[in-house]
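All remarks here apply to the structure that follows.
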Amino acid sequence: MAVLAPERTAAEPPAGPPPARRRWPLPRPRVDRVPPLPGDARLSWLLTGLLGLLTLVSRLVGISYPRTLLFDEAYYPPEAWDLLTWGHEYNRGYTFIVHPPLGKWLIASGEQLFGYTSLGWRFPSAVAGAVTVVVLVRLARRLTGSTLLGLVAGLLLALDGFAFTVSRIGLLDVFLQVFVVSAVACLVVDRERVRARVRAHLPVPATGFRLGPRGWRIAAGLLFGCACAVKWSGLYFLAFAAVLSLFWDRAAWREAGVPNPTATTLRRSLPGATWALAAVPVLTYLASFTGWFLGETAQGRWWAQRNPETAFPWVPDALRSWWHMHAEWWTFHNGLSTPHPWESGPWTWLVNGRPILLWNPQGLTDAAGDQVIRYILMVGTPTLWLAFAPALAWTAWRVVARRDPVAILVAVMVAAGWGTWFLNPERTMFVFYMAPVLPFFVLAVVLVLQDALGRQGAPPWRRSAGLAAVSGYVAVVAGTFVFLHPVLAGLPLSHAEWVARMWFPSWF
């Protein structure tokens, strides 16, 4: 039987002891929690796999055209063939190798399957592009708690003209992309596992407790090491993500009621993070140079023997030669300022200010003698890329107003993959440097679409209107991609058809 207590006046003190402090979770207003995963695991995997397969097919159709080397394919497929032949890039005396070997090993895997042909050196890029779409679907689904939004993220990436072309050329950046996105996805899973472990041990001791093995974080370190072994720009993603992972651990301890979450993080998380996100990437990077260390004719392999009077003579010759080669690479990259007709600065990338012309043969005609144009332009789908800047502003608003952890992740990765290019504005740069950060710009757009869709429990008319808006936007992006597809794949066009697809003067 319920008993009604008499009303208490404002002057009367509350009866009994004060209520106990809630230990989990601490109230934090205006914070959007990461939502739980939906319960459609099998269906979501089926749809993800189907989208990945369709993406792969779209990249492979006509990928052999043209059969000649395009743009920087002049460097990487020949160096990949050297790896197959010698186990290292052969130093002919007239080439200067400036990137680690892992990306070229991946290109070499296609050459091993299909020979030294355009299909051989481009096939691995198509696979990497399709895998990126699959990983992005799963990452977006986990971050938003929506299979629909996860599929939207993957579909937008699959329908992007830049992602399409970078997956059909034998460059290194698509491999950097897949390793970075996969590593971040592993760290997100690690964050959720850590939070679950902390919840399972409530109430938590004042100094925390050992979190045990963290395989997902070690996997992230391995993948970040692979990213750095493709291109050094992967190091920025590693550094930013490592710091963010420690802040995630601190947030878990704080919300568990630990009195000093910073000290607890330094004690319980920093040693493991040092191993997983520092030692493992370094060891992975070193392992990628195995062929170089074993090679007799690798570039710079015997520099230390020819220059014995150097600092730290007690360091083994192979390591001193390896370090000297890296110093030369650093000088090259930091001082690269040679003008190029298709170079562009990072401030122009978000608006397709200067894409890259990959192929434009002259003198082609049809049977009637009319001009035929076969143009391959590395350009993003404009209806997607022009949304990046507004989406980035919306992400910043979600960070400030809601302290949204998903928006914070997107903002940190965009800072790592786009903002860091502003550190050396005099350097010669190209739009394909956007490849590893592109999926996070897509996630920023998905955050906007998430708010347009509306929350679960909203009135039916609101959800219906939001779904119509999201579907309409995806349809516009798809239509734009289909229209531009001929100038992305080098399909034959008349002059009038080609001009209709050249939307801006900077595309010529």
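Letters for chains follow the order of the structure tokens (A, B, ...), residue numbers begin at 1 for each chain, and ligand numbers begin at 1 in the order shown.
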- May I have the residues within 12 Å of A:Leu148 as an MDAnalysis selection string, using only C-alpha atoms and disregarding those fewer than 4 positions away in the same chain? chainID A and resid 37:38 40 43:44 47:48 137:138 140:144 152:155 446 449:450 453 467 470:471
Can you write just those residues out, C-alpha atoms, as an mmCIF file, in the first residue's frame?
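The resulting result-v7.cif:
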data_model
loop_
_atom_site.group_PDB
_atom_site.id
_atom_site.type_symbol
_atom_site.label_atom_id
_atom_site.label_comp_id
_atom_site.auth_asym_id
_atom_site.auth_seq_id
_atom_site.Cartn_x
_atom_site.Cartn_y
_atom_site.Cartn_z
ATOM 1 C CA LEU A 37 23.903 -0.660 -32.437
ATOM 2 C CA PRO A 38 20.673 -1.683 -34.154
ATOM 3 C CA ASP A 40 19.803 -6.048 -37.715
ATOM 4 C CA LEU A 43 20.782 -7.811 -42.785
ATOM 5 C CA SER A 44 23.285 -4.995 -42.322
ATOM 6 C CA LEU A 47 23.555 -4.972 -47.519
ATOM 7 C CA THR A 48 27.115 -3.852 -46.747
ATOM 8 C CA VAL A 137 29.494 1.631 -43.770
ATOM 9 C CA ARG A 138 30.333 -0.287 -40.615
ATOM 10 C CA ALA A 140 29.123 5.083 -39.740
ATOM 11 C CA ARG A 141 26.597 2.485 -38.563
ATOM 12 C CA ARG A 142 28.442 2.144 -35.267
ATOM 13 C CA LEU A 143 28.774 5.900 -34.789
ATOM 14 C CA THR A 144 25.177 6.782 -35.637
ATOM 15 C CA VAL A 152 24.186 6.259 -46.905
ATOM 16 C CA ALA A 153 27.795 6.996 -45.904
ATOM 17 C CA GLY A 154 29.104 4.104 -47.982
ATOM 18 C CA LEU A 155 26.879 4.973 -50.927
ATOM 19 C CA VAL A 446 26.119 12.115 -42.812
ATOM 20 C CA LEU A 449 21.676 14.066 -42.809
ATOM 21 C CA GLN A 450 21.222 12.443 -39.398
ATOM 22 C CA LEU A 453 16.285 12.673 -40.667
ATOM 23 C CA LEU A 467 13.720 10.491 -44.974
ATOM 24 C CA VAL A 470 17.937 12.347 -47.213
ATOM 25 C CA SER A 471 16.756 10.224 -50.135
#
- So which residues touch A:Trp248 within 10 Å, counting only C-alpha atoms, skipping near sequence neighbours fewer than 2 positions away, as a PyMOL selection string? chain A and resi 187-188+190-192+194-195+242-246+250-254+265+405
- Task: Identify all residues of stretch 241-410 of chain A in helix (DSSP H, G or I) (DSSP on the backbone) and supply them as a PyMOL selection string.
- Result: chain A and resi 241-255+261-268+270-287+290-294+303-306+317-335+346-349+382-385+388-402+405-410
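When only C-alpha atoms are used to measure the gap to A:Ala256, the shortest distance among A:Pro213, A:Gly208, A:Pro492, A:Pro124 belongs to A:Gly208.
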Non-local contacts of A:Gly417 (12 Å; only C-alpha atoms; under 2 positions in same chain excluded) as a short mmCIF file (atom, residue, chain, number, x, y, z; two decimals) with all heavy atoms, in the first residue's frame:
data_model
loop_
_atom_site.label_atom_id
_atom_site.label_comp_id
_atom_site.auth_asym_id
_atom_site.auth_seq_id
_atom_site.Cartn_x
_atom_site.Cartn_y
_atom_site.Cartn_z
N ASP A 173 47.62 6.63 -52.70
CA ASP A 173 46.75 7.30 -51.75
C ASP A 173 45.53 6.48 -51.37
O ASP A 173 45.01 6.61 -50.26
CB ASP A 173 46.33 8.65 -52.31
CG ASP A 173 47.52 9.52 -52.63
OD1 ASP A 173 48.11 9.34 -53.72
OD2 ASP A 173 47.92 10.33 -51.80
N LEU A 176 46.54 4.33 -48.47
CA LEU A 176 46.58 5.14 -47.26
C LEU A 176 45.17 5.33 -46.73
O LEU A 176 44.92 5.26 -45.51
CB LEU A 176 47.24 6.48 -47.57
CG LEU A 176 47.31 7.51 -46.45
CD1 LEU A 176 48.13 6.98 -45.29
CD2 LEU A 176 47.90 8.83 -46.97
N GLN A 177 44.22 5.55 -47.61
CA GLN A 177 42.83 5.76 -47.23
C GLN A 177 42.26 4.55 -46.49
O GLN A 177 41.68 4.68 -45.41
CB GLN A 177 41.99 6.04 -48.48
CG GLN A 177 40.52 6.27 -48.24
CD GLN A 177 39.76 6.37 -49.55
OE1 GLN A 177 39.48 5.37 -50.20
NE2 GLN A 177 39.43 7.59 -49.96
N VAL A 180 43.87 4.03 -42.97
CA VAL A 180 43.49 5.04 -41.99
C VAL A 180 42.06 4.80 -41.51
O VAL A 180 41.79 4.79 -40.29
CB VAL A 180 43.64 6.46 -42.58
CG1 VAL A 180 42.92 7.48 -41.71
CG2 VAL A 180 45.11 6.82 -42.71
N VAL A 181 41.13 4.60 -42.42
CA VAL A 181 39.74 4.41 -42.02
C VAL A 181 39.59 3.13 -41.20
O VAL A 181 38.85 3.10 -40.20
CB VAL A 181 38.83 4.37 -43.27
CG1 VAL A 181 37.40 4.03 -42.88
CG2 VAL A 181 38.87 5.70 -43.99
N TRP A 232 53.99 8.99 -45.49
CA TRP A 232 54.24 9.57 -44.17
C TRP A 232 53.07 10.36 -43.62
O TRP A 232 52.98 10.57 -42.41
CB TRP A 232 55.46 10.48 -44.26
CG TRP A 232 56.75 9.75 -44.30
CD1 TRP A 232 56.94 8.39 -44.23
CD2 TRP A 232 58.06 10.32 -44.39
NE1 TRP A 232 58.26 8.08 -44.29
CE2 TRP A 232 58.98 9.25 -44.40
CE3 TRP A 232 58.53 11.61 -44.50
CZ2 TRP A 232 60.35 9.46 -44.48
CZ3 TRP A 232 59.90 11.83 -44.59
CH2 TRP A 232 60.80 10.76 -44.58
N SER A 233 52.18 10.84 -44.45
CA SER A 233 51.05 11.61 -43.95
C SER A 233 50.16 10.78 -43.04
O SER A 233 49.35 11.33 -42.29
CB SER A 233 50.23 12.18 -45.11
OG SER A 233 49.93 11.19 -46.07
N GLY A 234 50.30 9.45 -43.07
CA GLY A 234 49.58 8.62 -42.12
C GLY A 234 49.97 8.90 -40.69
O GLY A 234 49.22 8.62 -39.76
N LEU A 235 51.17 9.49 -40.47
CA LEU A 235 51.64 9.78 -39.12
C LEU A 235 50.74 10.80 -38.43
O LEU A 235 50.52 10.71 -37.21
CB LEU A 235 53.08 10.30 -39.18
CG LEU A 235 53.75 10.62 -37.85
CD1 LEU A 235 53.83 9.37 -36.97
CD2 LEU A 235 55.15 11.19 -38.07
N TYR A 236 50.20 11.76 -39.17
CA TYR A 236 49.31 12.74 -38.56
C TYR A 236 48.05 12.06 -38.03
O TYR A 236 47.58 12.36 -36.92
CB TYR A 236 48.94 13.82 -39.57
CG TYR A 236 50.06 14.77 -39.90
CD1 TYR A 236 50.57 14.85 -41.20
CD2 TYR A 236 50.60 15.60 -38.93
CE1 TYR A 236 51.61 15.73 -41.51
CE2 TYR A 236 51.64 16.49 -39.23
CZ TYR A 236 52.13 16.54 -40.52
OH TYR A 236 53.15 17.41 -40.82
N PHE A 237 47.48 11.17 -38.81
CA PHE A 237 46.30 10.46 -38.35
C PHE A 237 46.62 9.64 -37.10
O PHE A 237 45.82 9.59 -36.15
CB PHE A 237 45.77 9.54 -39.45
CG PHE A 237 45.15 10.26 -40.60
CD1 PHE A 237 45.88 10.52 -41.76
CD2 PHE A 237 43.83 10.68 -40.55
CE1 PHE A 237 45.31 11.17 -42.83
CE2 PHE A 237 43.24 11.34 -41.61
CZ PHE A 237 43.97 11.58 -42.76
N LEU A 238 47.77 8.99 -37.09
CA LEU A 238 48.18 8.20 -35.93
C LEU A 238 48.29 9.08 -34.69
O LEU A 238 47.76 8.74 -33.62
CB LEU A 238 49.51 7.50 -36.22
CG LEU A 238 50.23 6.85 -35.03
CD1 LEU A 238 49.36 5.79 -34.37
CD2 LEU A 238 51.56 6.26 -35.48
N ALA A 239 48.98 10.20 -34.80
CA ALA A 239 49.20 11.06 -33.64
C ALA A 239 47.88 11.62 -33.10
O ALA A 239 47.62 11.58 -31.89
CB ALA A 239 50.15 12.20 -34.02
N PHE A 240 47.04 12.13 -33.99
CA PHE A 240 45.77 12.70 -33.55
C PHE A 240 44.87 11.64 -32.95
O PHE A 240 44.21 11.87 -31.93
CB PHE A 240 45.08 13.39 -34.73
CG PHE A 240 45.62 14.76 -35.06
CD1 PHE A 240 46.97 14.94 -35.32
CD2 PHE A 240 44.79 15.85 -35.15
CE1 PHE A 240 47.47 16.20 -35.64
CE2 PHE A 240 45.27 17.10 -35.46
CZ PHE A 240 46.63 17.28 -35.71
N ALA A 241 44.82 10.47 -33.58
CA ALA A 241 43.94 9.41 -33.09
C ALA A 241 44.45 8.86 -31.75
O ALA A 241 43.64 8.50 -30.88
CB ALA A 241 43.85 8.29 -34.12
N PRO A 346 45.29 23.30 -50.35
CA PRO A 346 44.23 22.65 -49.58
C PRO A 346 42.98 23.50 -49.43
O PRO A 346 41.89 22.96 -49.24
CB PRO A 346 44.89 22.37 -48.22
CG PRO A 346 46.08 23.28 -48.16
CD PRO A 346 46.53 23.46 -49.57
N VAL A 410 35.06 13.18 -35.97
CA VAL A 410 35.14 13.66 -37.34
C VAL A 410 36.02 14.90 -37.42
O VAL A 410 36.88 15.02 -38.30
CB VAL A 410 33.73 13.96 -37.88
CG1 VAL A 410 33.79 14.65 -39.23
CG2 VAL A 410 32.91 12.67 -37.98
N ALA A 411 35.84 15.84 -36.48
CA ALA A 411 36.62 17.07 -36.51
C ALA A 411 38.11 16.79 -36.32
O ALA A 411 38.96 17.39 -37.00
CB ALA A 411 36.12 18.01 -35.41
N VAL A 412 38.46 15.88 -35.43
CA VAL A 412 39.86 15.56 -35.19
C VAL A 412 40.49 14.92 -36.42
O VAL A 412 41.62 15.26 -36.82
CB VAL A 412 40.00 14.64 -33.96
CG1 VAL A 412 41.41 14.08 -33.85
CG2 VAL A 412 39.63 15.39 -32.68
N MET A 413 39.78 14.02 -37.07
CA MET A 413 40.34 13.37 -38.25
C MET A 413 40.45 14.33 -39.43
O MET A 413 41.40 14.25 -40.21
CB MET A 413 39.48 12.15 -38.63
CG MET A 413 39.55 11.00 -37.65
SD MET A 413 41.24 10.33 -37.47
CE MET A 413 41.75 11.07 -35.92
N VAL A 414 39.50 15.24 -39.56
CA VAL A 414 39.61 16.26 -40.61
C VAL A 414 40.80 17.16 -40.35
O VAL A 414 41.55 17.53 -41.27
CB VAL A 414 38.30 17.07 -40.70
CG1 VAL A 414 38.49 18.31 -41.57
CG2 VAL A 414 37.18 16.20 -41.28
N ALA A 415 41.02 17.50 -39.08
CA ALA A 415 42.20 18.31 -38.74
C ALA A 415 43.48 17.58 -39.09
O ALA A 415 44.45 18.18 -39.58
CB ALA A 415 42.16 18.68 -37.26
N GLY A 419 43.69 19.74 -42.27
CA GLY A 419 44.26 20.93 -41.64
C GLY A 419 45.78 20.93 -41.62
O GLY A 419 46.40 22.00 -41.74
N THR A 420 46.40 19.76 -41.51
CA THR A 420 47.86 19.72 -41.42
C THR A 420 48.54 20.12 -42.72
O THR A 420 49.72 20.48 -42.72
CB THR A 420 48.34 18.32 -41.01
OG1 THR A 420 47.75 17.34 -41.88
CG2 THR A 420 47.94 18.01 -39.57
N TRP A 421 47.82 20.07 -43.85
CA TRP A 421 48.43 20.49 -45.12
C TRP A 421 48.64 22.00 -45.17
O TRP A 421 49.38 22.50 -46.03
CB TRP A 421 47.58 20.03 -46.29
CG TRP A 421 47.69 18.56 -46.53
CD1 TRP A 421 46.74 17.61 -46.28
CD2 TRP A 421 48.82 17.85 -47.06
NE1 TRP A 421 47.20 16.37 -46.61
CE2 TRP A 421 48.47 16.48 -47.09
CE3 TRP A 421 50.08 18.24 -47.50
CZ2 TRP A 421 49.36 15.50 -47.55
CZ3 TRP A 421 50.96 17.27 -47.95
CH2 TRP A 421 50.60 15.92 -47.98
N PHE A 422 48.01 22.74 -44.26
CA PHE A 422 48.22 24.18 -44.21
C PHE A 422 49.53 24.55 -43.52
O PHE A 422 49.90 25.73 -43.50
CB PHE A 422 47.05 24.86 -43.49
CG PHE A 422 45.77 24.86 -44.28
CD1 PHE A 422 44.88 23.81 -44.15
CD2 PHE A 422 45.46 25.90 -45.13
CE1 PHE A 422 43.69 23.80 -44.86
CE2 PHE A 422 44.27 25.90 -45.85
CZ PHE A 422 43.39 24.85 -45.72
N LEU A 423 50.22 23.57 -42.94
CA LEU A 423 51.46 23.87 -42.23
C LEU A 423 52.58 24.27 -43.16
O LEU A 423 53.53 24.95 -42.74
CB LEU A 423 51.88 22.64 -41.40
CG LEU A 423 50.90 22.20 -40.31
CD1 LEU A 423 51.41 20.93 -39.63
CD2 LEU A 423 50.69 23.31 -39.28
N PHE A 432 44.76 14.77 -54.84
CA PHE A 432 44.66 13.38 -54.39
C PHE A 432 45.18 13.19 -52.97
O PHE A 432 45.01 12.12 -52.39
CB PHE A 432 45.34 12.40 -55.37
CG PHE A 432 46.78 12.67 -55.68
CD1 PHE A 432 47.77 12.43 -54.76
CD2 PHE A 432 47.14 13.14 -56.93
CE1 PHE A 432 49.10 12.65 -55.05
CE2 PHE A 432 48.48 13.36 -57.25
CZ PHE A 432 49.46 13.11 -56.31
N TYR A 433 45.80 14.23 -52.37
CA TYR A 433 46.15 14.15 -50.96
C TYR A 433 44.91 14.11 -50.08
O TYR A 433 45.00 13.81 -48.88
CB TYR A 433 47.02 15.36 -50.56
CG TYR A 433 48.37 15.43 -51.24
CD1 TYR A 433 49.12 16.58 -51.20
CD2 TYR A 433 48.90 14.33 -51.92
CE1 TYR A 433 50.38 16.65 -51.81
CE2 TYR A 433 50.13 14.39 -52.54
CZ TYR A 433 50.87 15.56 -52.48
OH TYR A 433 52.10 15.62 -53.09
N MET A 434 43.75 14.41 -50.64
CA MET A 434 42.49 14.36 -49.90
C MET A 434 42.00 12.93 -49.68
O MET A 434 41.07 12.71 -48.90
CB MET A 434 41.41 15.13 -50.66
CG MET A 434 41.34 16.60 -50.36
SD MET A 434 40.47 16.97 -48.83
CE MET A 434 38.76 16.76 -49.37
N ALA A 435 42.59 11.95 -50.33
CA ALA A 435 42.05 10.59 -50.30
C ALA A 435 41.85 10.05 -48.88
O ALA A 435 40.77 9.55 -48.57
CB ALA A 435 42.94 9.65 -51.12
N PRO A 436 42.84 10.11 -47.98
CA PRO A 436 42.62 9.50 -46.66
C PRO A 436 41.61 10.23 -45.79
O PRO A 436 41.00 9.61 -44.90
CB PRO A 436 44.01 9.51 -46.03
CG PRO A 436 44.74 10.61 -46.73
CD PRO A 436 44.20 10.62 -48.13
N VAL A 437 41.41 11.52 -46.01
CA VAL A 437 40.47 12.27 -45.16
C VAL A 437 39.07 12.34 -45.78
O VAL A 437 38.10 12.71 -45.11
CB VAL A 437 41.02 13.69 -44.89
CG1 VAL A 437 40.86 14.59 -46.11
CG2 VAL A 437 40.34 14.31 -43.69
N LEU A 438 38.94 11.96 -47.05
CA LEU A 438 37.65 12.03 -47.72
C LEU A 438 36.55 11.30 -46.97
O LEU A 438 35.44 11.84 -46.81
CB LEU A 438 37.79 11.49 -49.15
CG LEU A 438 36.49 11.36 -49.95
CD1 LEU A 438 35.82 12.72 -50.13
CD2 LEU A 438 36.76 10.69 -51.29
N PRO A 439 36.76 10.06 -46.46
CA PRO A 439 35.66 9.40 -45.75
C PRO A 439 35.16 10.17 -44.53
O PRO A 439 33.97 10.08 -44.18
CB PRO A 439 36.28 8.06 -45.34
CG PRO A 439 37.38 7.82 -46.33
CD PRO A 439 37.92 9.19 -46.63
N PHE A 440 36.02 10.96 -43.90
CA PHE A 440 35.59 11.72 -42.72
C PHE A 440 34.81 12.96 -43.12
O PHE A 440 33.92 13.40 -42.38
CB PHE A 440 36.81 12.04 -41.87
CG PHE A 440 37.54 10.81 -41.40
CD1 PHE A 440 38.71 10.41 -42.03
CD2 PHE A 440 37.02 10.03 -40.38
CE1 PHE A 440 39.37 9.25 -41.63
CE2 PHE A 440 37.67 8.88 -39.98
CZ PHE A 440 38.85 8.49 -40.60
N PHE A 441 35.10 13.53 -44.28
CA PHE A 441 34.23 14.57 -44.80
C PHE A 441 32.86 13.99 -45.14
O PHE A 441 31.82 14.64 -44.92
CB PHE A 441 34.86 15.23 -46.03
CG PHE A 441 35.83 16.33 -45.71
CD1 PHE A 441 37.19 16.14 -45.89
CD2 PHE A 441 35.39 17.54 -45.23
CE1 PHE A 441 38.10 17.15 -45.59
CE2 PHE A 441 36.28 18.57 -44.92
CZ PHE A 441 37.64 18.37 -45.11
#
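The residue that comes closest to A:Pro361, out of A:Ala196, A:Gly490, A:Ala465, A:Gly129 and on the basis of only C-alpha atoms, is A:Gly490.
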Using the chain letters and numbers from this document, which residues of stretch 188-409 of chain A does DSSP assign to strand (DSSP E or B), as a short mmCIF file (atom, residue, chain, number, x, y, z; two decimals) with all heavy atoms, in the first residue's frame?
data_model
loop_
_atom_site.label_atom_id
_atom_site.label_comp_id
_atom_site.auth_asym_id
_atom_site.auth_seq_id
_atom_site.Cartn_x
_atom_site.Cartn_y
_atom_site.Cartn_z
N ALA A 298 69.70 -1.84 -53.15
CA ALA A 298 68.63 -0.92 -52.79
C ALA A 298 69.18 0.49 -52.69
O ALA A 298 70.36 0.71 -52.40
CB ALA A 298 67.99 -1.34 -51.48
N ILE A 356 42.58 17.07 -61.25
CA ILE A 356 43.76 16.64 -61.99
C ILE A 356 43.32 15.97 -63.29
O ILE A 356 42.52 15.03 -63.27
CB ILE A 356 44.61 15.66 -61.17
CG1 ILE A 356 45.14 16.35 -59.92
CG2 ILE A 356 45.78 15.12 -62.00
CD1 ILE A 356 45.92 15.43 -59.00
N LEU A 357 43.85 16.46 -64.39
CA LEU A 357 43.62 15.82 -65.69
C LEU A 357 44.58 14.66 -65.83
O LEU A 357 45.80 14.84 -65.86
CB LEU A 357 43.82 16.82 -66.82
CG LEU A 357 43.68 16.26 -68.24
CD1 LEU A 357 42.29 15.68 -68.47
CD2 LEU A 357 44.00 17.33 -69.27
N LEU A 358 44.03 13.45 -65.91
CA LEU A 358 44.85 12.25 -66.00
C LEU A 358 45.09 11.80 -67.43
O LEU A 358 46.10 11.18 -67.74
CB LEU A 358 44.18 11.11 -65.22
CG LEU A 358 43.99 11.34 -63.71
CD1 LEU A 358 43.23 10.17 -63.10
CD2 LEU A 358 45.34 11.52 -63.01
N TRP A 359 44.14 12.11 -68.34
CA TRP A 359 44.25 11.55 -69.69
C TRP A 359 43.43 12.42 -70.65
O TRP A 359 42.27 12.74 -70.39
CB TRP A 359 43.71 10.12 -69.70
CG TRP A 359 43.79 9.38 -71.01
CD1 TRP A 359 42.74 8.96 -71.77
CD2 TRP A 359 44.97 8.97 -71.70
NE1 TRP A 359 43.19 8.29 -72.89
CE2 TRP A 359 44.57 8.28 -72.87
CE3 TRP A 359 46.33 9.10 -71.45
CZ2 TRP A 359 45.46 7.73 -73.78
CZ3 TRP A 359 47.23 8.56 -72.35
CH2 TRP A 359 46.81 7.88 -73.49
N THR A 365 38.97 10.74 -83.68
CA THR A 365 37.77 11.01 -84.48
C THR A 365 36.93 9.74 -84.57
O THR A 365 37.42 8.62 -84.38
CB THR A 365 38.14 11.48 -85.89
OG1 THR A 365 38.95 10.48 -86.52
CG2 THR A 365 38.91 12.80 -85.85
N GLN A 371 35.20 15.02 -84.16
CA GLN A 371 36.11 14.94 -83.02
C GLN A 371 35.53 14.08 -81.91
O GLN A 371 34.33 14.16 -81.58
CB GLN A 371 36.40 16.35 -82.48
CG GLN A 371 37.38 16.37 -81.31
CD GLN A 371 37.58 17.76 -80.75
OE1 GLN A 371 36.82 18.68 -81.05
NE2 GLN A 371 38.60 17.93 -79.92
N ILE A 373 36.39 13.00 -77.85
CA ILE A 373 37.18 13.36 -76.67
C ILE A 373 37.06 12.25 -75.65
O ILE A 373 35.97 11.80 -75.31
CB ILE A 373 36.70 14.69 -76.06
CG1 ILE A 373 36.90 15.83 -77.07
CG2 ILE A 373 37.42 14.99 -74.76
CD1 ILE A 373 36.38 17.17 -76.59
N ILE A 376 39.86 11.92 -68.83
CA ILE A 376 39.80 11.34 -67.49
C ILE A 376 40.22 12.42 -66.51
O ILE A 376 41.38 12.85 -66.50
CB ILE A 376 40.70 10.11 -67.36
CG1 ILE A 376 40.28 9.03 -68.36
CG2 ILE A 376 40.62 9.56 -65.93
CD1 ILE A 376 41.12 7.76 -68.27
N LEU A 377 39.27 12.86 -65.71
CA LEU A 377 39.48 13.95 -64.77
C LEU A 377 39.28 13.42 -63.35
O LEU A 377 38.24 12.85 -63.04
CB LEU A 377 38.51 15.08 -65.04
CG LEU A 377 38.73 16.40 -64.30
CD1 LEU A 377 40.02 17.07 -64.79
CD2 LEU A 377 37.55 17.34 -64.50
N MET A 378 40.27 13.59 -62.51
CA MET A 378 40.14 13.22 -61.09
C MET A 378 39.46 14.37 -60.36
O MET A 378 40.10 15.31 -59.90
CB MET A 378 41.50 12.92 -60.48
CG MET A 378 41.43 12.48 -59.02
SD MET A 378 43.07 12.14 -58.29
CE MET A 378 43.46 10.58 -59.07
#
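The space between atom CA of A:Leu386 and atom CA of A:Ala489 spans 21.7 Å.
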- Check the smallest atom-to-atom distance from each of A:Val372, A:Val133, A:Ile408, A:Ile97 to A:Leu151 using only C-alpha atoms, then report the winner. A:Val133
- Neighbours of A:Met502 within 10 Å (only C-alpha atoms; same-chain residues fewer than 4 positions away dropped), as a ChimeraX atom specification? /A:377,484,487,497-498,506-508
Can you write out the residues you just picked, keeping N, CA, C and O atoms, as a PDB file, in the first residue's frame?
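Wrote part.pdb, looks like this:
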ATOM      1  N   LEU A 377      39.271  12.857 -65.710  1.00  0.00           N
ATOM      2  CA  LEU A 377      39.484  13.950 -64.767  1.00  0.00           C
ATOM      3  C   LEU A 377      39.280  13.424 -63.350  1.00  0.00           C
ATOM      4  O   LEU A 377      38.237  12.849 -63.037  1.00  0.00           O
ATOM      5  N   LEU A 484      28.539  12.729 -64.765  1.00  0.00           N
ATOM      6  CA  LEU A 484      29.970  12.991 -64.928  1.00  0.00           C
ATOM      7  C   LEU A 484      30.774  11.729 -65.225  1.00  0.00           C
ATOM      8  O   LEU A 484      31.972  11.826 -65.558  1.00  0.00           O
ATOM      9  N   VAL A 487      33.504  11.438 -68.051  1.00  0.00           N
ATOM     10  CA  VAL A 487      34.791  12.132 -67.921  1.00  0.00           C
ATOM     11  C   VAL A 487      35.585  11.620 -66.728  1.00  0.00           C
ATOM     12  O   VAL A 487      36.708  12.074 -66.487  1.00  0.00           O
ATOM     13  N   GLU A 497      29.142  17.173 -75.821  1.00  0.00           N
ATOM     14  CA  GLU A 497      28.896  16.385 -74.604  1.00  0.00           C
ATOM     15  C   GLU A 497      29.987  16.634 -73.567  1.00  0.00           C
ATOM     16  O   GLU A 497      29.715  16.682 -72.363  1.00  0.00           O
ATOM     17  N   TRP A 498      31.199  16.774 -74.040  1.00  0.00           N
ATOM     18  CA  TRP A 498      32.307  17.044 -73.125  1.00  0.00           C
ATOM     19  C   TRP A 498      32.173  18.420 -72.481  1.00  0.00           C
ATOM     20  O   TRP A 498      32.342  18.571 -71.261  1.00  0.00           O
ATOM     21  N   SER A 506      38.352  25.888 -64.173  1.00  0.00           N
ATOM     22  CA  SER A 506      39.541  25.238 -63.614  1.00  0.00           C
ATOM     23  C   SER A 506      39.569  23.754 -63.938  1.00  0.00           C
ATOM     24  O   SER A 506      40.572  23.084 -63.654  1.00  0.00           O
ATOM     25  N   TRP A 507      38.518  23.202 -64.549  1.00  0.00           N
ATOM     26  CA  TRP A 507      38.509  21.787 -64.915  1.00  0.00           C
ATOM     27  C   TRP A 507      39.166  21.548 -66.265  1.00  0.00           C
ATOM     28  O   TRP A 507      39.360  20.401 -66.652  1.00  0.00           O
ATOM     29  N   PHE A 508      39.487  22.614 -66.982  1.00  0.00           N
ATOM     30  CA  PHE A 508      40.086  22.461 -68.309  1.00  0.00           C
ATOM     31  C   PHE A 508      41.602  22.352 -68.200  1.00  0.00           C
ATOM     32  O   PHE A 508      42.217  23.010 -67.382  1.00  0.00           O
TER      33      PHE A 508
END
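Here atom CA of A:Thr274 stands at a distance of 18.8 Å from atom CA of A:Ala229.
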